[in-house]
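Down below is the structure, laid out as C-alpha cells.
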Amino acid sequence: MRLSIQAEPFDFGAESASFAASAAALGAGAVVTFCGIVRDNDGILTEMQIEHYPGMTEKAVASMLDQAMVRWDLVDALVIHRHGRLVKGDIIMMVATASPHRAAAFAAADYLMDYLKSRAPFWKKEHARGDAVWVDAAPQDEAALDRW
Amino acid sequence: MRLSIQAEPFDFGAESASFAASAAALGAGAVVTFCGIVRDNDGILTEMQIEHYPGMTEKAVASMLDQAMVRWDLVDALVIHRHGRLVKGDIIMMVATASPHRAAAFAAADYLMDYLKSRAPFWKKEHARGDAVWVDAAPQDEAALDRW
Amino acid sequence: MIDVLYFAWVRERIGVPRERVETSAATVADLVAELVAREDRYALAFSDLTSLRVALDQELSTFDATLAGVREVAFFPPMTGG
Amino acid sequence: MIDVLYFAWVRERIGVPRERVETSAATVADLVAELVAREDRYALAFSDLTSLRVALDQELSTFDATLAGVREVAFFPPMTGG
C-alpha cells in the first residue's frame, strides 16, 4: 500500500507496470488502474492549480486506502495525487488496486475514486483568459458516495 | 480503438502510458485499465495454455469494443489478449478505456472484462504436477453479463 | 460440405482440431446427431450439450439454429477468457 | 488559542491561509459567529455555510461539533479532488 501527494509529475506507465509486477508476485490475478487527466472543455484553459491541505490530505487518503484494503481484501492499493500547477493533458492522479479477482479490484478502484473526488481535501482552480475560477463540486460526485 | 490477439508478451506499463497519452490528446479526462495475471492458487502450476479461435476471437472482441465505444461514448478503447503458453505471474491480457468522465470509463472497462471472460473464444488449461485441466467457466461470470 | 472445428476439451475428445464433413443436416442439432452416430469419440464429446457452445461462421449461435448457408461450425466449452 | 486554516475561495475571501485565534467558542458555529462579527471579509466568506465544510484536527466534522480539545480548525468549500 502506498500513497504519494506530490507536486512533481509521475510516470503513469512506469507506476502501473511496477504496481502490476509487485501485485503479481503477491498473488493478484486482477489489477485495475485509473488516471485522471486535465481536460480543456472550451479550448481556453491556460492552467489548473490544485490546492490541498497538507497533513489532512495524507491522513484522509491513507484512511480511504485502509478501508478499501479491508473491505475488498485487496492484495495492494496505490494512490498518487498531484497538487500545484498543471496544464491541459497532464495526468493529475492515479489509483491502482490489485486483488485475486476482478470484481474486487474494479469495485475498490471505483470506491477510491469516489472518495478522492469528494472527501480528500483538494481544490481545483481553472485559469482561462485571465480569469480564474474554482471548480464547483458536482452534485453527482456527492451522490456517488451513497453507492458504498 | 485497437485490439491485438497475440502469443507474444506485451508491456502493460508502456501500453498504459501510450494509451493515456493519446487519450489525453483526444480530450479524455479519465482512463481505466485492467490487467489479468496468471495466478497459482495452490503453488503447483507449471504453466497455463490459452487456446483461442483465430478469426472469431478478433471478430468477437472487435464487436465488444464497438459496443462499448458507442454505449459509453468513449474517446478510445483497447484490448490486448495473449494466447499460447504462460506461466505464473505473466500478464494474460489488458483492457483500457478512455472517456471525458470516470463513470463511463469504469463501466466500459468492467463491461469489456465481463464479455471477454464469457463471450470471447478463449479457453485456459492449467498444467500442474503432470496433470492438465481445462479451467471451468465460473457461474458468476455468466451471471455478470446480466448486469449490462 | 461444411468445416467443423473443435476447441479445448471438445478438440481433445474428438482428436482433431477441424475436419470437413459431408452432411445434409438441417440444424446444428441434426449435425450433432449425425456425428454422435459415427463414433464413440463424438458421442463422448457431445454427451452433454448444456456444457457446449456452438458458433456458426464465427458467431455464437444455438443448437436449434439452421445450417442453411453456413460454411463453418465450431463446437467448444464455455469460454474462459480474460 | 486555536489555529484556523482556510482553503480555496475561503482563503481568498479572508485573505490569509491561516491565523491563530483567541476564542472561547464552544462549537464550530460559535467560532464562525465570532469571526463573522469581526470583519466583513469573514462575513463574506461565511455567508453560506451549506457551501462550506469544516475539519477539526484534520478530520471532517460538522458545524455543531464541540471545539473542546481541538487545536486546528479548517474551513473550505466542497472538495474537488481526483
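Following the order of the C-alpha cells, first chain is A, next is B, and so on, with residues numbered from 1 inside each chain and ligands from 1 in the order they appear.
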Spatial neighbours of stretch 64-71 of chain D, max dist 7 Å, only C-alpha atoms, sep filter under 2 positions, as a ChimeraX atom specification: /D:2-3,26-29,56-57,61-62,73
At most 8 Å to chain B: residues in chain A, only C-alpha atoms, as JSON, numbers by chain: {"A": [11, 12, 13, 14, 15, 16, 17, 18, 20, 21, 24, 25, 27, 28, 29, 30, 31, 32, 33, 34, 35, 36, 37, 38, 39, 40, 41, 89, 90, 100, 106, 110]}
Same residues, N, CA and C atoms, output as a compact mmCIF listing (two decimals), in the first residue's frame:
# COMPACT_ATOMS: atom_id res chain seq x y z
N ASP A 11 5.20 9.08 -13.56
CA ASP A 11 5.15 8.28 -14.79
C ASP A 11 4.07 7.22 -14.65
N PHE A 12 2.89 7.51 -15.22
CA PHE A 12 1.75 6.60 -15.09
C PHE A 12 2.08 5.19 -15.59
N GLY A 13 2.78 5.11 -16.71
CA GLY A 13 3.13 3.81 -17.26
C GLY A 13 4.06 3.03 -16.34
N ALA A 14 5.10 3.69 -15.88
CA ALA A 14 6.07 3.01 -15.00
C ALA A 14 5.42 2.63 -13.67
N GLU A 15 4.57 3.50 -13.14
CA GLU A 15 3.89 3.19 -11.88
C GLU A 15 2.93 2.00 -12.07
N SER A 16 2.22 1.99 -13.20
CA SER A 16 1.30 0.88 -13.49
C SER A 16 2.07 -0.44 -13.60
N ALA A 17 3.19 -0.39 -14.31
CA ALA A 17 3.99 -1.60 -14.52
C ALA A 17 4.55 -2.13 -13.22
N SER A 18 5.09 -1.24 -12.39
CA SER A 18 5.70 -1.76 -11.16
C SER A 18 4.63 -2.20 -10.17
N ALA A 20 1.74 -3.58 -11.05
CA ALA A 20 1.26 -4.89 -11.54
C ALA A 20 2.29 -5.98 -11.26
N ALA A 21 3.57 -5.67 -11.43
CA ALA A 21 4.62 -6.68 -11.19
C ALA A 21 4.65 -7.09 -9.73
N ALA A 24 1.51 -9.09 -8.94
CA ALA A 24 1.61 -10.45 -9.48
C ALA A 24 2.40 -11.33 -8.52
N ALA A 25 3.49 -10.79 -7.99
CA ALA A 25 4.32 -11.55 -7.06
C ALA A 25 3.58 -11.86 -5.77
N GLY A 27 0.41 -12.57 -5.69
CA GLY A 27 -0.70 -13.48 -5.96
C GLY A 27 -1.95 -12.83 -6.53
N ALA A 28 -1.85 -11.58 -6.96
CA ALA A 28 -3.02 -10.94 -7.57
C ALA A 28 -3.30 -11.55 -8.94
N GLY A 29 -4.57 -11.63 -9.29
CA GLY A 29 -4.96 -12.06 -10.62
C GLY A 29 -5.56 -10.92 -11.43
N ALA A 30 -5.82 -9.79 -10.75
CA ALA A 30 -6.52 -8.67 -11.38
C ALA A 30 -5.96 -7.36 -10.86
N VAL A 31 -5.61 -6.48 -11.78
CA VAL A 31 -5.16 -5.13 -11.43
C VAL A 31 -6.03 -4.13 -12.19
N VAL A 32 -6.55 -3.15 -11.47
CA VAL A 32 -7.27 -2.05 -12.11
C VAL A 32 -6.52 -0.75 -11.82
N THR A 33 -6.34 0.06 -12.84
CA THR A 33 -5.78 1.39 -12.60
C THR A 33 -6.74 2.44 -13.15
N PHE A 34 -6.64 3.62 -12.56
CA PHE A 34 -7.38 4.78 -13.07
C PHE A 34 -6.40 5.93 -13.14
N CYS A 35 -6.48 6.73 -14.19
CA CYS A 35 -5.78 8.01 -14.13
C CYS A 35 -6.69 9.13 -14.59
N GLY A 36 -6.54 10.26 -13.89
CA GLY A 36 -7.32 11.46 -14.20
C GLY A 36 -6.44 12.46 -14.91
N ILE A 37 -6.99 13.10 -15.95
CA ILE A 37 -6.23 13.95 -16.85
C ILE A 37 -6.87 15.34 -16.91
N VAL A 38 -6.06 16.39 -16.96
CA VAL A 38 -6.59 17.75 -17.08
C VAL A 38 -7.25 17.90 -18.46
N ARG A 39 -8.53 18.24 -18.44
CA ARG A 39 -9.26 18.46 -19.68
C ARG A 39 -9.41 19.96 -19.93
N ASP A 40 -9.73 20.28 -21.15
CA ASP A 40 -9.95 21.68 -21.51
C ASP A 40 -11.18 21.72 -22.39
N ASN A 41 -12.33 21.76 -21.73
CA ASN A 41 -13.60 21.66 -22.45
C ASN A 41 -13.76 22.72 -23.53
N GLY A 89 -3.95 18.15 -20.48
CA GLY A 89 -3.32 16.89 -20.86
C GLY A 89 -2.44 16.28 -19.79
N ASP A 90 -2.14 17.05 -18.74
CA ASP A 90 -1.32 16.49 -17.65
C ASP A 90 -2.12 15.44 -16.86
N PRO A 100 -7.20 -10.88 -6.01
CA PRO A 100 -7.25 -12.15 -6.73
C PRO A 100 -8.23 -12.12 -7.90
N PHE A 106 -12.09 -3.87 -9.41
CA PHE A 106 -12.90 -2.80 -10.01
C PHE A 106 -13.63 -2.00 -8.93
N ASP A 110 -13.07 2.03 -8.04
CA ASP A 110 -14.24 2.91 -8.21
C ASP A 110 -14.54 3.64 -6.89
Within 7 Å of chain D: residues of chain A, using only C-alpha atoms, as a VMD selection string: chain A and resid 36 51 56 93 113 116 to 124 137
Can I get the selection written as a PDB file, in the first residue's frame, with N, CA and C atoms?
ATOM      1  N   GLY A  36      -6.544  10.261 -13.891  1.00  0.00           N
ATOM      2  CA  GLY A  36      -7.325  11.459 -14.195  1.00  0.00           C
ATOM      3  C   GLY A  36      -6.436  12.463 -14.915  1.00  0.00           C
ATOM      4  N   GLU A  51      -4.965  23.041  -5.095  1.00  0.00           N
ATOM      5  CA  GLU A  51      -4.577  23.340  -3.703  1.00  0.00           C
ATOM      6  C   GLU A  51      -4.923  22.119  -2.863  1.00  0.00           C
ATOM      7  N   MET A  56      -3.740  16.774   6.396  1.00  0.00           N
ATOM      8  CA  MET A  56      -5.066  16.154   6.296  1.00  0.00           C
ATOM      9  C   MET A  56      -5.184  15.318   5.032  1.00  0.00           C
ATOM     10  N   MET A  93      -3.678  12.483 -11.320  1.00  0.00           N
ATOM     11  CA  MET A  93      -3.601  11.494 -10.246  1.00  0.00           C
ATOM     12  C   MET A  93      -3.819  10.096 -10.804  1.00  0.00           C
ATOM     13  N   MET A 113     -11.888   6.287  -6.133  1.00  0.00           N
ATOM     14  CA  MET A 113     -12.108   7.490  -6.943  1.00  0.00           C
ATOM     15  C   MET A 113     -13.249   8.335  -6.398  1.00  0.00           C
ATOM     16  N   LEU A 116     -11.896   9.994  -3.269  1.00  0.00           N
ATOM     17  CA  LEU A 116     -10.893  11.019  -3.577  1.00  0.00           C
ATOM     18  C   LEU A 116     -11.550  12.280  -4.129  1.00  0.00           C
ATOM     19  N   LYS A 117     -12.578  12.108  -4.939  1.00  0.00           N
ATOM     20  CA  LYS A 117     -13.290  13.250  -5.531  1.00  0.00           C
ATOM     21  C   LYS A 117     -13.897  14.144  -4.465  1.00  0.00           C
ATOM     22  N   SER A 118     -14.515  13.543  -3.470  1.00  0.00           N
ATOM     23  CA  SER A 118     -15.380  14.316  -2.574  1.00  0.00           C
ATOM     24  C   SER A 118     -14.948  14.349  -1.121  1.00  0.00           C
ATOM     25  N   ARG A 119     -13.939  13.563  -0.751  1.00  0.00           N
ATOM     26  CA  ARG A 119     -13.555  13.523   0.657  1.00  0.00           C
ATOM     27  C   ARG A 119     -12.065  13.731   0.904  1.00  0.00           C
ATOM     28  N   ALA A 120     -11.293  13.883  -0.134  1.00  0.00           N
ATOM     29  CA  ALA A 120      -9.880  14.226   0.064  1.00  0.00           C
ATOM     30  C   ALA A 120      -9.753  15.734  -0.166  1.00  0.00           C
ATOM     31  N   PRO A 121      -9.043  16.443   0.700  1.00  0.00           N
ATOM     32  CA  PRO A 121      -9.023  17.907   0.641  1.00  0.00           C
ATOM     33  C   PRO A 121      -8.128  18.470  -0.465  1.00  0.00           C
ATOM     34  N   PHE A 122      -8.673  18.389  -1.680  1.00  0.00           N
ATOM     35  CA  PHE A 122      -8.070  19.012  -2.858  1.00  0.00           C
ATOM     36  C   PHE A 122      -9.100  19.971  -3.449  1.00  0.00           C
ATOM     37  N   TRP A 123      -8.607  21.076  -3.992  1.00  0.00           N
ATOM     38  CA  TRP A 123      -9.495  22.030  -4.668  1.00  0.00           C
ATOM     39  C   TRP A 123      -8.829  22.469  -5.955  1.00  0.00           C
ATOM     40  N   LYS A 124      -9.609  22.405  -7.035  1.00  0.00           N
ATOM     41  CA  LYS A 124      -9.083  22.746  -8.364  1.00  0.00           C
ATOM     42  C   LYS A 124      -9.526  24.150  -8.761  1.00  0.00           C
ATOM     43  N   ALA A 137     -17.910  21.569  -6.905  1.00  0.00           N
ATOM     44  CA  ALA A 137     -18.151  20.140  -6.708  1.00  0.00           C
ATOM     45  C   ALA A 137     -19.421  19.770  -7.467  1.00  0.00           C
TER      46      ALA A 137
END
Residue neighbourhood stretch 42-45 of chain B, 9 Å, only C-alpha atoms, exclusion window fewer than 3 positions, as an MDAnalysis selection string: chainID B and resid 39 48 87:88 126:129
Residue list (strand (DSSP E or B), DSSP) for chain C, as a PyMOL selection string: chain C and resi 2-6+18-21+27+53-56+59-61+66+72-76
Go ahead and write the selection's residues with C-alpha atoms as a CSV table (one decimal), in the first residue's frame.
chain,number,residue,atom,x,y,z
C,2,ILE,CA,-19.0,-28.0,-44.1
C,3,ASP,CA,-16.0,-27.2,-42.0
C,4,VAL,CA,-16.4,-28.3,-38.4
C,5,LEU,CA,-14.0,-27.0,-35.8
C,6,TYR,CA,-13.4,-28.2,-32.2
C,18,ARG,CA,-11.1,-29.5,-37.6
C,19,GLU,CA,-12.5,-31.6,-40.4
C,20,ARG,CA,-14.6,-31.3,-43.4
C,21,VAL,CA,-18.0,-33.1,-43.0
C,27,THR,CA,-29.8,-27.8,-38.0
C,53,ARG,CA,-21.4,-23.8,-27.1
C,54,VAL,CA,-21.6,-23.6,-30.9
C,55,ALA,CA,-20.6,-20.9,-33.3
C,56,LEU,CA,-21.8,-20.6,-36.9
C,59,GLU,CA,-20.8,-16.0,-34.5
C,60,LEU,CA,-22.2,-17.6,-31.3
C,61,SER,CA,-25.4,-19.5,-32.0
C,66,THR,CA,-30.4,-23.8,-39.2
C,72,GLU,CA,-18.1,-23.2,-40.7
C,73,VAL,CA,-19.4,-24.7,-37.5
C,74,ALA,CA,-17.4,-24.7,-34.2
C,75,PHE,CA,-18.0,-26.6,-31.0
C,76,PHE,CA,-16.4,-25.7,-27.7
Close residues, B:Gln67 itself excluded, 12 Å, only C-alpha atoms, min 2 positions apart in chain, as a PyMOL selection string: chain B and resi 1+60-65+69-74+77+108-109+111-112+115+148
Helix (DSSP H, G or I) positions in chain B, given as a ChimeraX atom specification: /B:12-25,56-71,102-119,139-147
